[in-house]
file upload18.pdb (PDB, C-alpha atoms)
MODEL        1
ATOM      1  CA  MET F   1     136.244 143.669  99.448
ATOM      2  CA  PRO F   2     138.507 144.352 102.435
ATOM      3  CA  HIS F   3     137.652 147.370 104.532
ATOM      4  CA  HIS F   4     139.165 149.296 107.377
ATOM      5  CA  GLY F   5     140.217 146.864 110.054
ATOM      6  CA  ASP F   6     140.596 143.917 107.711
ATOM      7  CA  ALA F   7     143.884 142.099 107.800
ATOM      8  CA  THR F   8     146.184 142.379 104.808
ATOM      9  CA  ARG F   9     145.934 139.215 102.689
ATOM     10  CA  GLU F  10     148.799 137.191 101.289
ATOM     11  CA  GLY F  11     150.455 139.047  98.434
ATOM     12  CA  GLU F  12     148.858 142.365  99.295
ATOM     13  CA  ILE F  13     151.164 145.213 100.274
ATOM     14  CA  ALA F  14     150.263 147.843 102.841
ATOM     15  CA  ALA F  15     152.595 150.721 103.671
ATOM     16  CA  ASP F  16     153.321 152.926 106.626
ATOM     17  CA  LEU F  17     152.405 156.109 104.777
ATOM     18  CA  PRO F  18     153.143 159.651 105.890
ATOM     19  CA  PRO F  19     150.372 161.360 107.905
ATOM     20  CA  ALA F  20     147.404 162.672 105.922
ATOM     21  CA  SER F  21     147.954 166.257 106.937
ATOM     22  CA  ASP F  22     149.020 168.015 103.734
ATOM     23  CA  ALA F  23     145.593 169.569 103.213
ATOM     24  CA  GLY F  24     142.219 169.434 104.937
ATOM     25  CA  LEU F  25     138.762 168.709 103.609
ATOM     26  CA  ARG F  26     135.428 170.041 104.809
ATOM     27  CA  PHE F  27     132.377 167.902 104.296
ATOM     28  CA  ILE F  28     129.712 170.049 102.595
ATOM     29  CA  GLY F  29     126.902 167.598 103.325
ATOM     30  CA  ARG F  30     125.952 163.943 103.199
ATOM     31  CA  ILE F  31     124.691 161.668 100.464
ATOM     32  CA  GLU F  32     121.471 159.738 101.016
ATOM     33  CA  THR F  33     121.258 156.438  99.155
ATOM     34  CA  PRO F  34     119.325 153.202  99.730
ATOM     35  CA  PHE F  35     122.640 151.319 100.099
ATOM     36  CA  ILE F  36     123.155 150.518 103.780
ATOM     37  CA  THR F  37     125.900 147.878 103.526
ATOM     38  CA  ARG F  38     128.662 147.390 100.985
ATOM     39  CA  GLY F  39     126.845 144.347  99.720
ATOM     40  CA  ASP F  40     123.916 146.610  98.784
ATOM     41  CA  CYS F  41     126.075 148.873  96.592
ATOM     42  CA  PRO F  42     125.968 148.203  92.850
ATOM     43  CA  ARG F  43     129.261 147.903  91.011
ATOM     44  CA  GLN F  44     128.562 151.168  89.261
ATOM     45  CA  GLY F  45     125.791 153.766  89.407
ATOM     46  CA  ASP F  46     123.019 153.805  86.788
ATOM     47  CA  MET F  47     121.814 157.234  85.676
ATOM     48  CA  GLU F  48     118.761 155.797  83.924
ATOM     49  CA  ASN F  49     117.413 152.998  86.086
ATOM     50  CA  GLY F  50     119.203 153.421  89.410
ATOM     51  CA  PRO F  51     117.364 154.588  92.527
ATOM     52  CA  ASP F  52     116.862 158.259  93.339
ATOM     53  CA  CYS F  53     119.500 159.525  95.758
ATOM     54  CA  VAL F  54     119.873 162.876  97.537
ATOM     55  CA  LEU F  55     122.822 165.232  97.847
ATOM     56  CA  ASN F  56     121.917 166.860 101.154
ATOM     57  CA  LEU F  57     124.030 169.992 101.575
ATOM     58  CA  ALA F  58     124.533 171.975 104.773
ATOM     59  CA  PRO F  59     122.346 175.126 104.611
ATOM     60  CA  ILE F  60     125.366 177.472 104.500
ATOM     61  CA  TYR F  61     126.026 176.258 100.928
ATOM     62  CA  GLY F  62     122.596 177.326  99.649
ATOM     63  CA  PRO F  63     123.952 180.352  97.690
ATOM     64  CA  ALA F  64     126.494 178.103  95.944
ATOM     65  CA  LEU F  65     123.627 176.257  94.216
ATOM     66  CA  ARG F  66     122.486 179.303  92.220
ATOM     67  CA  GLU F  67     121.732 178.283  88.596
ATOM     68  CA  ILE F  68     122.472 174.612  89.256
ATOM     69  CA  GLY F  69     118.900 173.607  88.414
ATOM     70  CA  LYS F  70     119.640 174.338  84.741
ATOM     71  CA  ARG F  71     122.222 171.555  84.622
ATOM     72  CA  ARG F  72     121.258 168.054  83.576
ATOM     73  CA  HIS F  73     124.403 166.217  84.628
ATOM     74  CA  LEU F  74     126.691 166.753  87.581
ATOM     75  CA  GLN F  75     130.019 165.350  88.685
ATOM     76  CA  VAL F  76     129.790 164.451  92.375
ATOM     77  CA  PHE F  77     132.866 164.160  94.619
ATOM     78  CA  TYR F  78     132.624 162.275  97.896
ATOM     79  CA  TRP F  79     134.785 160.836 100.648
ATOM     80  CA  LEU F  80     134.964 157.052 100.964
ATOM     81  CA  HIS F  81     135.053 157.245 104.722
ATOM     82  CA  ALA F  82     134.994 153.491 105.355
ATOM     83  CA  ALA F  83     138.077 152.671 103.258
ATOM     84  CA  ARG F  84     141.493 151.870 104.663
ATOM     85  CA  ARG F  85     144.187 154.078 103.162
ATOM     86  CA  ASP F  86     147.445 152.166 103.358
ATOM     87  CA  MET F  87     147.058 149.587 100.579
ATOM     88  CA  LEU F  88     149.618 149.765  97.739
ATOM     89  CA  VAL F  89     149.041 146.349  96.135
ATOM     90  CA  GLN F  90     145.686 144.579  96.285
ATOM     91  CA  ARG F  91     143.367 142.277  94.398
ATOM     92  CA  ARG F  92     140.330 143.566  92.539
ATOM     93  CA  LYS F  93     137.274 142.508  94.586
ATOM     94  CA  GLY F  94     139.569 140.039  96.346
ATOM     95  CA  GLU F  95     139.994 138.066  93.105
ATOM     96  CA  GLY F  96     142.370 137.950  90.155
ATOM     97  CA  PRO F  97     145.989 139.079  90.010
ATOM     98  CA  MET F  98     147.640 141.414  92.475
ATOM     99  CA  MET F  99     147.511 144.936  91.083
ATOM    100  CA  GLY F 100     148.902 148.290  92.098
ATOM    101  CA  THR F 101     146.327 150.489  93.803
ATOM    102  CA  PHE F 102     146.686 153.156  91.101
ATOM    103  CA  ALA F 103     145.877 150.547  88.426
ATOM    104  CA  LEU F 104     142.545 149.837  90.167
ATOM    105  CA  ARG F 105     139.428 151.834  91.001
ATOM    106  CA  SER F 106     139.151 150.132  94.413
ATOM    107  CA  PRO F 107     137.965 152.441  97.233
ATOM    108  CA  LEU F 108     141.064 151.433  99.239
ATOM    109  CA  ARG F 109     143.582 154.156  98.319
ATOM    110  CA  PRO F 110     145.806 156.778  99.937
ATOM    111  CA  ASN F 111     143.193 159.507  99.360
ATOM    112  CA  PRO F 112     139.830 157.748  99.032
ATOM    113  CA  ILE F 113     137.947 160.274  96.901
ATOM    114  CA  GLY F 114     135.076 158.953  94.810
ATOM    115  CA  VAL F 115     133.702 160.719  91.767
ATOM    116  CA  SER F 116     130.552 159.857  89.826
ATOM    117  CA  VAL F 117     128.544 161.455  87.080
ATOM    118  CA  VAL F 118     124.852 161.727  87.954
ATOM    119  CA  ARG F 119     121.672 162.962  86.327
ATOM    120  CA  LEU F 120     120.019 165.848  88.188
ATOM    121  CA  LEU F 121     116.294 165.238  88.682
ATOM    122  CA  ARG F 122     115.278 168.249  90.785
ATOM    123  CA  VAL F 123     116.386 170.672  93.477
ATOM    124  CA  GLU F 124     114.489 171.269  96.728
ATOM    125  CA  GLY F 125     116.278 173.907  98.810
ATOM    126  CA  THR F 126     119.703 172.443  99.541
ATOM    127  CA  ARG F 127     118.606 168.906  98.624
ATOM    128  CA  LEU F 128     119.497 167.732  95.111
ATOM    129  CA  PHE F 129     117.733 164.631  93.842
ATOM    130  CA  VAL F 130     120.000 162.681  91.509
ATOM    131  CA  ARG F 131     120.368 159.290  89.865
ATOM    132  CA  GLY F 132     123.577 157.375  89.179
ATOM    133  CA  LEU F 133     125.287 156.883  92.545
ATOM    134  CA  ASP F 134     126.653 153.643  93.977
ATOM    135  CA  CYS F 135     127.960 154.780  97.384
ATOM    136  CA  LEU F 136     126.868 153.989 100.927
ATOM    137  CA  ASP F 137     124.121 155.931 102.649
ATOM    138  CA  GLY F 138     125.683 158.686 104.759
ATOM    139  CA  THR F 139     128.749 159.136 102.563
ATOM    140  CA  PRO F 140     130.302 162.588 103.134
ATOM    141  CA  LEU F 141     129.891 164.965 100.198
ATOM    142  CA  LEU F 142     132.923 166.984  99.044
ATOM    143  CA  ASP F 143     131.973 168.822  95.868
ATOM    144  CA  ILE F 144     129.573 169.152  92.948
ATOM    145  CA  LYS F 145     130.641 170.329  89.474
ATOM    146  CA  PRO F 146     128.615 170.711  86.309
ATOM    147  CA  ILE F 147     129.435 168.484  83.366
ATOM    148  CA  THR F 148     129.433 169.931  79.894
ATOM    149  CA  CYS F 149     128.847 167.871  76.776
ATOM    150  CA  ARG F 150     132.505 167.928  75.932
ATOM    151  CA  GLU F 151     133.455 166.626  79.349
ATOM    152  CA  GLU F 152     130.797 163.940  79.173
ATOM    153  CA  MET F 153     132.434 162.649  76.026
ATOM    154  CA  ARG F 154     135.945 162.568  77.399
TER     155      ARG F 154
ATOM    156  CA  MET E   1     140.317 184.723  87.610
ATOM    157  CA  PRO E   2     140.468 185.716  91.264
ATOM    158  CA  HIS E   3     142.869 183.776  93.455
ATOM    159  CA  HIS E   4     143.727 183.477  97.090
ATOM    160  CA  GLY E   5     144.179 186.932  98.509
ATOM    161  CA  ASP E   6     141.992 188.647  95.926
ATOM    162  CA  ALA E   7     139.229 190.835  97.247
ATOM    163  CA  THR E   8     135.656 189.695  96.751
ATOM    164  CA  ARG E   9     134.071 191.560  93.814
ATOM    165  CA  GLU E  10     130.681 193.228  93.785
ATOM    166  CA  GLY E  11     127.947 190.604  93.649
ATOM    167  CA  GLU E  12     130.223 187.767  94.661
ATOM    168  CA  ILE E  13     129.475 185.993  97.925
ATOM    169  CA  ALA E  14     132.154 184.579 100.203
ATOM    170  CA  ALA E  15     131.286 182.722 103.404
ATOM    171  CA  ASP E  16     132.854 182.097 106.764
ATOM    172  CA  LEU E  17     132.921 178.336 106.288
ATOM    173  CA  PRO E  18     133.578 175.736 108.974
ATOM    174  CA  PRO E  19     137.220 174.629 109.359
ATOM    175  CA  ALA E  20     138.527 172.177 106.767
ATOM    176  CA  SER E  21     139.268 169.481 109.294
ATOM    177  CA  ASP E  22     136.750 166.728 108.543
ATOM    178  CA  ALA E  23     139.342 164.601 106.738
ATOM    179  CA  GLY E  24     143.008 164.923 105.794
ATOM    180  CA  LEU E  25     144.771 164.490 102.478
ATOM    181  CA  ARG E  26     148.297 163.286 101.817
ATOM    182  CA  PHE E  27     150.037 164.508  98.711
ATOM    183  CA  ILE E  28     151.392 161.472  96.848
ATOM    184  CA  GLY E  29     153.662 163.537  94.591
ATOM    185  CA  ARG E  30     153.762 166.604  92.395
ATOM    186  CA  ILE E  31     152.713 167.296  88.826
ATOM    187  CA  GLU E  32     155.257 168.762  86.414
ATOM    188  CA  THR E  33     153.790 170.895  83.648
ATOM    189  CA  PRO E  34     155.145 173.734  81.497
ATOM    190  CA  PHE E  35     152.503 176.084  82.973
ATOM    191  CA  ILE E  36     154.195 178.424  85.437
ATOM    192  CA  THR E  37     151.510 181.081  85.841
ATOM    193  CA  ARG E  38     147.734 180.893  85.615
ATOM    194  CA  GLY E  39     147.903 182.788  82.370
ATOM    195  CA  ASP E  40     149.953 179.940  80.902
ATOM    196  CA  CYS E  41     147.302 177.316  81.694
ATOM    197  CA  PRO E  42     145.004 176.331  78.837
ATOM    198  CA  ARG E  43     141.256 176.338  79.480
ATOM    199  CA  GLN E  44     141.263 172.553  79.242
ATOM    200  CA  GLY E  45     143.894 169.877  78.743
ATOM    201  CA  ASP E  46     144.464 168.323  75.312
ATOM    202  CA  MET E  47     145.253 164.588  75.271
ATOM    203  CA  GLU E  48     146.327 164.678  71.630
ATOM    204  CA  ASN E  49     148.266 167.879  71.084
ATOM    205  CA  GLY E  50     148.959 169.172  74.578
ATOM    206  CA  PRO E  51     152.472 169.163  76.045
ATOM    207  CA  ASP E  52     153.934 166.142  77.835
ATOM    208  CA  CYS E  53     153.557 166.432  81.600
ATOM    209  CA  VAL E  54     154.865 164.247  84.430
ATOM    210  CA  LEU E  55     153.120 162.718  87.429
ATOM    211  CA  ASN E  56     156.090 162.525  89.772
ATOM    212  CA  LEU E  57     155.195 160.216  92.666
ATOM    213  CA  ALA E  58     157.058 159.851  95.949
ATOM    214  CA  PRO E  59     159.139 156.644  95.855
ATOM    215  CA  ILE E  60     157.083 154.958  98.600
ATOM    216  CA  TYR E  61     154.208 154.645  96.082
ATOM    217  CA  GLY E  62     156.246 152.625  93.589
ATOM    218  CA  PRO E  63     154.477 149.305  94.364
ATOM    219  CA  ALA E  64     151.089 150.971  93.806
ATOM    220  CA  LEU E  65     151.978 151.447  90.115
ATOM    221  CA  ARG E  66     152.121 147.712  89.358
ATOM    222  CA  GLU E  67     150.316 146.985  86.035
ATOM    223  CA  ILE E  68     149.587 150.670  85.393
ATOM    224  CA  GLY E  69     151.691 150.648  82.210
ATOM    225  CA  LYS E  70     148.975 148.580  80.527
ATOM    226  CA  ARG E  71     146.479 151.413  80.835
ATOM    227  CA  ARG E  72     146.044 153.940  78.087
ATOM    228  CA  HIS E  73     143.981 156.521  79.931
ATOM    229  CA  LEU E  74     144.080 157.637  83.533
ATOM    230  CA  GLN E  75     141.956 159.861  85.710
ATOM    231  CA  VAL E  76     144.242 162.182  87.679
ATOM    232  CA  PHE E  77     143.180 163.871  90.931
ATOM    233  CA  TYR E  78     145.071 166.891  92.206
ATOM    234  CA  TRP E  79     144.850 169.656  94.758
ATOM    235  CA  LEU E  80     144.331 173.203  93.485
ATOM    236  CA  HIS E  81     146.574 174.639  96.149
ATOM    237  CA  ALA E  82     146.423 178.246  94.956
ATOM    238  CA  ALA E  83     142.636 178.575  95.070
ATOM    239  CA  ARG E  84     140.685 180.407  97.773
ATOM    240  CA  ARG E  85     138.030 178.197  99.321
ATOM    241  CA  ASP E  86     135.322 180.497 100.649
ATOM    242  CA  MET E  87     133.533 181.589  97.467
ATOM    243  CA  LEU E  88     129.843 180.616  97.187
ATOM    244  CA  VAL E  89     128.794 182.897  94.332
ATOM    245  CA  GLN E  90     131.206 184.033  91.627
ATOM    246  CA  ARG E  91     131.499 184.944  87.976
ATOM    247  CA  ARG E  92     132.922 182.545  85.423
ATOM    248  CA  LYS E  93     136.372 183.896  84.465
ATOM    249  CA  GLY E  94     135.310 187.204  86.020
ATOM    250  CA  GLU E  95     132.701 187.656  83.279
ATOM    251  CA  GLY E  96     129.028 186.907  82.695
ATOM    252  CA  PRO E  97     126.300 186.368  85.278
ATOM    253  CA  MET E  98     126.879 185.571  88.927
ATOM    254  CA  MET E  99     126.681 181.801  89.401
ATOM    255  CA  GLY E 100     126.726 179.455  92.341
ATOM    256  CA  THR E 101     130.111 177.810  92.845
ATOM    257  CA  PHE E 102     128.592 174.337  92.371
ATOM    258  CA  ALA E 103     127.195 175.428  88.982
ATOM    259  CA  LEU E 104     130.734 176.288  87.816
ATOM    260  CA  ARG E 105     133.984 174.363  87.315
ATOM    261  CA  SER E 106     136.005 177.274  88.720
ATOM    262  CA  PRO E 107     139.003 176.212  90.861
ATOM    263  CA  LEU E 108     137.663 178.429  93.672
ATOM    264  CA  ARG E 109     135.562 175.999  95.734
ATOM    265  CA  PRO E 110     135.209 174.683  99.290
ATOM    266  CA  ASN E 111     137.314 171.605  98.445
ATOM    267  CA  PRO E 112     139.474 172.519  95.440
ATOM    268  CA  ILE E 113     140.016 169.078  93.929
ATOM    269  CA  GLY E 114     140.765 168.937  90.219
ATOM    270  CA  VAL E 115     140.248 165.877  88.082
ATOM    271  CA  SER E 116     141.404 165.341  84.499
ATOM    272  CA  VAL E 117     141.521 162.443  82.099
ATOM    273  CA  VAL E 118     144.967 162.001  80.547
ATOM    274  CA  ARG E 119     146.636 159.736  78.052
ATOM    275  CA  LEU E 120     149.498 157.668  79.489
ATOM    276  CA  LEU E 121     152.593 157.849  77.288
ATOM    277  CA  ARG E 122     155.137 155.877  79.352
ATOM    278  CA  VAL E 123     156.288 155.023  82.858
ATOM    279  CA  GLU E 124     159.849 155.566  84.129
ATOM    280  CA  GLY E 125     160.133 154.358  87.720
ATOM    281  CA  THR E 126     157.696 156.503  89.700
ATOM    282  CA  ARG E 127     157.427 159.111  86.932
ATOM    283  CA  LEU E 128     154.413 158.819  84.626
ATOM    284  CA  PHE E 129     154.543 160.783  81.376
ATOM    285  CA  VAL E 130     151.051 161.896  80.378
ATOM    286  CA  ARG E 131     149.249 164.277  78.067
ATOM    287  CA  GLY E 132     146.040 166.195  78.772
ATOM    288  CA  LEU E 133     146.685 168.328  81.864
ATOM    289  CA  ASP E 134     145.991 172.035  82.285
ATOM    290  CA  CYS E 135     147.235 172.651  85.849
ATOM    291  CA  LEU E 136     150.124 174.675  87.237
ATOM    292  CA  ASP E 137     153.611 173.241  87.523
ATOM    293  CA  GLY E 138     154.109 171.925  91.059
ATOM    294  CA  THR E 139     150.448 171.063  91.647
ATOM    295  CA  PRO E 140     150.134 168.454  94.435
ATOM    296  CA  LEU E 141     149.024 165.035  93.211
ATOM    297  CA  LEU E 142     146.265 163.209  95.135
ATOM    298  CA  ASP E 143     145.350 160.083  93.194
ATOM    299  CA  ILE E 144     145.475 158.189  89.904
ATOM    300  CA  LYS E 145     142.714 155.836  88.724
ATOM    301  CA  PRO E 146     142.421 153.853  85.520
ATOM    302  CA  ILE E 147     139.629 154.750  83.116
ATOM    303  CA  THR E 148     137.712 151.988  81.415
ATOM    304  CA  CYS E 149     135.941 152.444  78.108
ATOM    305  CA  ARG E 150     132.591 152.574  79.784
ATOM    306  CA  GLU E 151     133.712 155.313  82.143
ATOM    307  CA  GLU E 152     135.229 157.260  79.284
ATOM    308  CA  MET E 153     131.830 157.312  77.627
ATOM    309  CA  ARG E 154     129.928 158.456  80.675
TER     310      ARG E 154
ENDMDL
END

call {"tool": "encode", "arguments": {"input": "upload18.pdb", "output": "structure tokens"}}
result
Amino acid sequence: MPHHGDATREGEIAADLPPASDAGLRFIGRIETPFITRGDCPRQGDMENGPDCVLNLAPIYGPALREIGKRRHLQVFYWLHAARRDMLVQRRKGEGPMMGTFALRSPLRPNPIGVSVVRLLRVEGTRLFVRGLDCLDGTPLLDIKPITCREEMR
Amino acid sequence: MPHHGDATREGEIAADLPPASDAGLRFIGRIETPFITRGDCPRQGDMENGPDCVLNLAPIYGPALREIGKRRHLQVFYWLHAARRDMLVQRRKGEGPMMGTFALRSPLRPNPIGVSVVRLLRVEGTRLFVRGLDCLDGTPLLDIKPITCREEMR
């Protein structure tokens, strides 16, 4: 998978996009996973048999976790900080036909936001132990939302 | 539902959060819906019977839509531009017990990113007609990702 700094390959299209200054994000913490390189990351997280990971929030967000321990599943938003952001046409995993970026779930996108559904195992202060992530260790955390049954089925 | 500019209510907790300058977003377009005020917005989008809405992308993103017409369902990311971002503890819809922001799906959150699954009806240039949104007309669009069966079931 190409990453920031990689050259554009034949057939791929990169664009000179407008500056990313329409809105600003604050990182609310970091995600701890056992995946140190991209090669370590599974294709998709596994809520049952995947490794335990930690959503490590900055202490200021402690009050925002009130009642979260009652939830079994969470939707986690994170920032794919290693991804280049100018690719419009690319190949899935460097193979197969050229596809538009919005027809792929590649991390290389104009706003590289990842979202995963995880199972909540336990809460220790502002550290949430979860299962189901596939992102790199140190990935910046953006948000956590509860998932209701209805949303799980969508 | 409180919005930007509303006073904090008794029991709610707002925080003086760090600046939102860890990463920048670029709006890739705007969403057109029939919902002009918050009161018009349904509690949740309806992919079957909801109104047709449009994901209106800036022309520069045209190439990034290649092959998207083959997809039936899309995950749409957008920026909840009207939401205040400093609430840590709040009440769901102004009712019920005080809850931590991360235990709620309220739009009032440190990084107000919304995500919905929609049904793709048709594509006309850089305008995607979809069903299943519940956001305000004019909402800034951040990203579009295809949904596979497996992800729909998660």

call {"tool": "resolve_selection", "arguments": {"input": "upload18.pdb", "expression": "the ChimeraX specification (/E :<6) & /F", "output": "list in words"}}
result
Ala20, Ser21, Asp22, Ala23, Gly24, Leu25, Arg26, Pro63, Ala64, Leu65, Arg66, Ile68, Leu88, Val89, Met99, Gly100, Thr101, Phe102, Ala103, Arg105, Ile144, Lys145, Pro146, Glu152, Met153 and Arg154 of chain F

call {"tool": "axis_aligned_box", "arguments": {"input": "upload18.pdb", "around": "region 109-128 of chain F", "padding_each_side": "3 Å", "output": "AutoDock Vina command-line options"}}
result
--center_x 130.1 --center_y 164.0 --center_z 93.1 --size_x 37.3 --size_y 25.8 --size_z 19.6

call {"tool": "atom_distance", "arguments": {"input": "upload18.pdb", "atom1": "CA of Leu120 (chain F)", "atom2": "CA of Asp52 (chain F)"}}
result
9.7 Å

call {"tool": "closest_residue", "arguments": {"input": "upload18.pdb", "among": "F:Asp46, F:Asp137, F:Glu12, F:Glu32", "to": "Ala82 (chain F)", "atoms": "all atoms listed in the file"}}
result
F:Asp137

call {"tool": "atom_distance", "arguments": {"input": "upload18.pdb", "atom1": "CA of Glu124 (chain E)", "atom2": "CA of Leu57 (chain E)"}}
result
10.8 Å

call {"tool": "calpha_fit_and_write", "arguments": {"input": "upload18.pdb", "fixed": "chain F", "moving": "chain E", "output": "compact mmCIF listing (two decimals) with C-alpha atoms, keeping the file's coordinate frame"}}
result
# COMPACT_ATOMS: atom_id res chain seq x y z
CA MET E 1 136.25 143.67 99.43
CA PRO E 2 138.52 144.34 102.39
CA HIS E 3 137.69 147.37 104.51
CA HIS E 4 139.20 149.30 107.35
CA GLY E 5 140.24 146.88 110.03
CA ASP E 6 140.63 143.92 107.69
CA ALA E 7 143.92 142.10 107.81
CA THR E 8 146.22 142.36 104.82
CA ARG E 9 145.94 139.21 102.66
CA GLU E 10 148.82 137.18 101.28
CA GLY E 11 150.46 139.05 98.41
CA GLU E 12 148.87 142.36 99.29
CA ILE E 13 151.17 145.21 100.27
CA ALA E 14 150.26 147.84 102.84
CA ALA E 15 152.60 150.72 103.68
CA ASP E 16 153.34 152.93 106.63
CA LEU E 17 152.42 156.10 104.76
CA PRO E 18 153.15 159.66 105.87
CA PRO E 19 150.38 161.37 107.89
CA ALA E 20 147.41 162.67 105.91
CA SER E 21 147.96 166.26 106.93
CA ASP E 22 149.04 168.02 103.73
CA ALA E 23 145.59 169.56 103.20
CA GLY E 24 142.22 169.44 104.94
CA LEU E 25 138.76 168.70 103.61
CA ARG E 26 135.43 170.04 104.81
CA PHE E 27 132.37 167.91 104.30
CA ILE E 28 129.71 170.05 102.60
CA GLY E 29 126.89 167.60 103.34
CA ARG E 30 125.94 163.95 103.21
CA ILE E 31 124.68 161.67 100.47
CA GLU E 32 121.46 159.73 101.02
CA THR E 33 121.24 156.44 99.17
CA PRO E 34 119.31 153.20 99.75
CA PHE E 35 122.63 151.32 100.11
CA ILE E 36 123.17 150.52 103.79
CA THR E 37 125.91 147.90 103.54
CA ARG E 38 128.68 147.40 101.00
CA GLY E 39 126.86 144.36 99.73
CA ASP E 40 123.94 146.61 98.79
CA CYS E 41 126.08 148.88 96.60
CA PRO E 42 125.97 148.20 92.87
CA ARG E 43 129.28 147.89 91.02
CA GLN E 44 128.54 151.17 89.27
CA GLY E 45 125.78 153.76 89.41
CA ASP E 46 123.01 153.79 86.80
CA MET E 47 121.80 157.23 85.68
CA GLU E 48 118.75 155.79 83.93
CA ASN E 49 117.41 152.99 86.09
CA GLY E 50 119.20 153.42 89.41
CA PRO E 51 117.36 154.58 92.53
CA ASP E 52 116.85 158.26 93.35
CA CYS E 53 119.49 159.53 95.77
CA VAL E 54 119.86 162.87 97.55
CA LEU E 55 122.81 165.24 97.85
CA ASN E 56 121.90 166.85 101.16
CA LEU E 57 124.01 170.00 101.58
CA ALA E 58 124.51 171.99 104.77
CA PRO E 59 122.34 175.14 104.62
CA ILE E 60 125.36 177.48 104.50
CA TYR E 61 126.01 176.26 100.92
CA GLY E 62 122.59 177.33 99.64
CA PRO E 63 123.93 180.35 97.69
CA ALA E 64 126.48 178.11 95.95
CA LEU E 65 123.61 176.27 94.21
CA ARG E 66 122.46 179.31 92.22
CA GLU E 67 121.73 178.28 88.58
CA ILE E 68 122.47 174.60 89.26
CA GLY E 69 118.89 173.61 88.40
CA LYS E 70 119.65 174.33 84.74
CA ARG E 71 122.22 171.54 84.62
CA ARG E 72 121.27 168.06 83.57
CA HIS E 73 124.39 166.21 84.64
CA LEU E 74 126.68 166.75 87.58
CA GLN E 75 130.00 165.35 88.69
CA VAL E 76 129.78 164.45 92.38
CA PHE E 77 132.85 164.15 94.62
CA TYR E 78 132.62 162.28 97.91
CA TRP E 79 134.78 160.85 100.65
CA LEU E 80 134.95 157.06 100.97
CA HIS E 81 135.05 157.24 104.73
CA ALA E 82 135.00 153.49 105.36
CA ALA E 83 138.06 152.66 103.26
CA ARG E 84 141.51 151.86 104.66
CA ARG E 85 144.17 154.08 103.15
CA ASP E 86 147.44 152.17 103.35
CA MET E 87 147.06 149.58 100.59
CA LEU E 88 149.61 149.76 97.74
CA VAL E 89 149.03 146.36 96.14
CA GLN E 90 145.68 144.58 96.28
CA ARG E 91 143.36 142.27 94.39
CA ARG E 92 140.33 143.56 92.53
CA LYS E 93 137.27 142.48 94.56
CA GLY E 94 139.56 140.01 96.35
CA GLU E 95 139.98 138.05 93.11
CA GLY E 96 142.36 137.91 90.16
CA PRO E 97 145.98 139.06 90.01
CA MET E 98 147.63 141.40 92.47
CA MET E 99 147.50 144.94 91.08
CA GLY E 100 148.89 148.28 92.10
CA THR E 101 146.32 150.48 93.81
CA PHE E 102 146.68 153.15 91.10
CA ALA E 103 145.86 150.54 88.43
CA LEU E 104 142.53 149.82 90.17
CA ARG E 105 139.41 151.83 91.01
CA SER E 106 139.14 150.13 94.41
CA PRO E 107 137.95 152.44 97.23
CA LEU E 108 141.05 151.44 99.23
CA ARG E 109 143.57 154.16 98.31
CA PRO E 110 145.81 156.78 99.93
CA ASN E 111 143.18 159.50 99.35
CA PRO E 112 139.81 157.75 99.03
CA ILE E 113 137.94 160.27 96.90
CA GLY E 114 135.07 158.95 94.81
CA VAL E 115 133.70 160.71 91.77
CA SER E 116 130.53 159.85 89.84
CA VAL E 117 128.53 161.45 87.08
CA VAL E 118 124.84 161.72 87.96
CA ARG E 119 121.67 162.96 86.35
CA LEU E 120 120.01 165.85 88.19
CA LEU E 121 116.29 165.24 88.67
CA ARG E 122 115.27 168.26 90.78
CA VAL E 123 116.38 170.68 93.48
CA GLU E 124 114.47 171.28 96.73
CA GLY E 125 116.26 173.91 98.81
CA THR E 126 119.69 172.45 99.55
CA ARG E 127 118.61 168.91 98.63
CA LEU E 128 119.50 167.74 95.12
CA PHE E 129 117.72 164.64 93.84
CA VAL E 130 119.99 162.68 91.51
CA ARG E 131 120.35 159.30 89.86
CA GLY E 132 123.57 157.39 89.19
CA LEU E 133 125.28 156.89 92.55
CA ASP E 134 126.65 153.64 93.97
CA CYS E 135 127.95 154.79 97.39
CA LEU E 136 126.86 154.00 100.93
CA ASP E 137 124.10 155.94 102.65
CA GLY E 138 125.67 158.69 104.77
CA THR E 139 128.75 159.14 102.57
CA PRO E 140 130.29 162.60 103.15
CA LEU E 141 129.88 164.97 100.21
CA LEU E 142 132.92 166.99 99.05
CA ASP E 143 131.97 168.82 95.87
CA ILE E 144 129.57 169.15 92.94
CA LYS E 145 130.64 170.33 89.48
CA PRO E 146 128.60 170.71 86.31
CA ILE E 147 129.44 168.47 83.37
CA THR E 148 129.47 169.92 79.90
CA CYS E 149 128.90 167.85 76.79
CA ARG E 150 132.55 167.93 75.93
CA GLU E 151 133.54 166.64 79.35
CA GLU E 152 130.91 163.93 79.17
CA MET E 153 132.55 162.66 76.01
CA ARG E 154 136.06 162.63 77.38

call {"tool": "closest_residue", "arguments": {"input": "upload18.pdb", "among": "F:Leu141, F:Leu80, F:Leu136, F:Val130", "to": "Cys53 (chain F)", "atoms": "all atoms listed in the file"}}
result
F:Val130

call {"tool": "resolve_selection", "arguments": {"input": "upload18.pdb", "expression": "the PyMOL selection byres ((chain E and resi 121) around 8)", "output": "PyMOL selection string"}}
result
chain E and resi 72+119-120+122-123+128-131

call {"tool": "atom_distance", "arguments": {"input": "upload18.pdb", "atom1": "CA of Lys93 (chain F)", "atom2": "CA of Glu48 (chain F)"}}
result
25.2 Å

call {"tool": "residues_near_point", "arguments": {"input": "upload18.pdb", "point": "(117.6, 163.0, 102.5)", "cutoff": "8 Å", "atoms": "all atoms listed in the file", "output": "PDB file with C-alpha atoms, in the coordinates of the input"}}
result
ATOM      1  CA  ILE F  31     124.691 161.668 100.464  1.00  0.00           C
ATOM      2  CA  GLU F  32     121.471 159.738 101.016  1.00  0.00           C
ATOM      3  CA  CYS F  53     119.500 159.525  95.758  1.00  0.00           C
ATOM      4  CA  VAL F  54     119.873 162.876  97.537  1.00  0.00           C
ATOM      5  CA  LEU F  55     122.822 165.232  97.847  1.00  0.00           C
ATOM      6  CA  ASN F  56     121.917 166.860 101.154  1.00  0.00           C
ATOM      7  CA  ARG F 127     118.606 168.906  98.624  1.00  0.00           C
TER       8      ARG F 127
END
